[in-house]
Amino acid sequence: FPLAYAYPRSMRATRDLLRRRTGLVRHGADLKAHVVNTTSQYNLPPNKVNLKNVSAREQLGRTFDDPLVQRNIDLDMAVLECYHRELSQVEWLLEKQAKKHQPTYYHLLTTIPGVGRILALTILYEVGDIRRFESVQKFASYSRLIKCKAESAGKTYGTQGNKIGNAHLKWAFSEAAVLYLRGNPGAQKLLQRFQKRM
């Protein structure tokens with residue numbers, strides 16, 4: 001069995017804060033979905049507002065006639081406002097730490113098409129020392145980019161071990177691939193060729 005990787009102590013707290021940020025962003029997405037679902041539940045026209053904007057969040061303060069329903073939405077908006085304020089500061093701090101820990105790697109990651117600040121930070125802090133992987137295949141496996149086939153006597157019985165590896169890297173590389181394909185006709189043609197072949 002391969003030995004467990006001892007993540008560098010100097011970068012551990014930053015990685016943990018980045019993971020916490022990801023969890024809070026996902027909870028914020030759940031809150032936004034709750035607003036959309038509540039609007040639909042009460043047969044109101046869909047909100048065309050971008051909840052990232054303060055004025056848009058304030059606009060939702062006059063949507064529902066029932067005061068209890070409105071209070072429910074106001075609660076979502078209050079939590080989203082807090083997340084927006086706190087997460088912008090956290091992201092600034094994380095980027096500052098990345099420029100201190102591994103500035104060259106961070107800069108190189110941000111030059112990849114489809115990889116922005118947050119994806120670069122995630123890849124940087126989840127990989128740690130890239131030299132710990134003996135091959136590209138082992139790194140891809142660790143990143144959950146390879147599905148393990150369950151085979152016996154030449155027959156395939158689906159896949160197994162899908163939860164082995166780093167879920168944060170799988171998310172980051174999946175997002176990067178989607179963003180790279182967006183508005184990139186050359187990459188879209190390449191994807192179609194892969195899909196036909198595989």
# chains A, B, ... in the order shown; residues from 1 in each chain; ligands from 1

call {"tool": "select_by_dssp", "arguments": {"residues": "stretch 88-174 of chain A", "states": "helix (DSSP H, G or I)", "output": "number ranges by chain"}}
result
A: 88-101, 103-110, 117-127, 130-132, 136-142, 167-174

call {"tool": "residues_around", "arguments": {"residues": "stretch 172-186 of chain A", "least_positions_apart": "3", "cutoff": "8 Å", "atoms": "only C-alpha atoms", "output": "number ranges by chain"}}
result
A: 113-115, 119, 122-123, 168-169, 189-190

call {"tool": "closest_atom_pairs", "arguments": {"of": "stretch 13-52 of chain A", "to": "stretch 77-96 of chain A", "cutoff": "7 Å", "atoms": "only C-alpha atoms", "output": "JSON lines"}}
result
{"residue": "A:Thr14", "atom": "CA", "partner": "A:Leu94", "partner_atom": "CA", "distance": 6.7}
{"residue": "A:Arg21", "atom": "CA", "partner": "A:Leu87", "partner_atom": "CA", "distance": 6.9}
{"residue": "A:Gly28", "atom": "CA", "partner": "A:Leu80", "partner_atom": "CA", "distance": 6.1}

call {"tool": "closest_atom_pairs", "arguments": {"of": "stretch 36-120 of chain A", "to": "stretch 124-135 of chain A", "cutoff": "9 Å", "atoms": "only C-alpha atoms", "output": "JSON lines"}}
result
{"residue": "A:Ala98", "atom": "CA", "partner": "A:Leu124", "partner_atom": "CA", "distance": 8.0}
{"residue": "A:Gln102", "atom": "CA", "partner": "A:Leu124", "partner_atom": "CA", "distance": 8.2}
{"residue": "A:Tyr105", "atom": "CA", "partner": "A:Leu124", "partner_atom": "CA", "distance": 7.3}
{"residue": "A:Tyr106", "atom": "CA", "partner": "A:Leu124", "partner_atom": "CA", "distance": 6.7}
{"residue": "A:Leu109", "atom": "CA", "partner": "A:Leu124", "partner_atom": "CA", "distance": 7.9}
{"residue": "A:Leu119", "atom": "CA", "partner": "A:Leu124", "partner_atom": "CA", "distance": 8.4}
{"residue": "A:Ala120", "atom": "CA", "partner": "A:Leu124", "partner_atom": "CA", "distance": 6.0}

call {"tool": "closest_atom_pairs", "arguments": {"of": "stretch 53-167 of chain A", "to": "stretch 31-46 of chain A", "cutoff": "10 Å", "atoms": "only C-alpha atoms", "output": "Markdown table"}}
result
| residue | atom | partner | partner_atom | distance |
| --- | --- | --- | --- | --- |
| A:Leu60 | CA | A:Val35 | CA | 9.1 |
| A:Thr63 | CA | A:Thr39 | CA | 8.5 |
| A:Phe64 | CA | A:Thr39 | CA | 8.5 |
| A:Val69 | CA | A:Thr38 | CA | 8.4 |
| A:Gln70 | CA | A:Thr38 | CA | 9.9 |
| A:Asn72 | CA | A:Val35 | CA | 9.0 |
| A:Ile73 | CA | A:Val35 | CA | 6.4 |
| A:Asp74 | CA | A:Val35 | CA | 9.6 |
| A:Leu75 | CA | A:Leu31 | CA | 9.4 |
| A:Asp76 | CA | A:Leu31 | CA | 5.8 |
| A:Met77 | CA | A:Leu31 | CA | 8.2 |
| A:Val79 | CA | A:Leu31 | CA | 8.4 |
| A:Leu80 | CA | A:Leu31 | CA | 7.5 |

call {"tool": "atom_distance", "arguments": {"atom1": "atom CA of A:Leu121", "atom2": "atom CA of A:Arg144"}}
result
18.1 Å
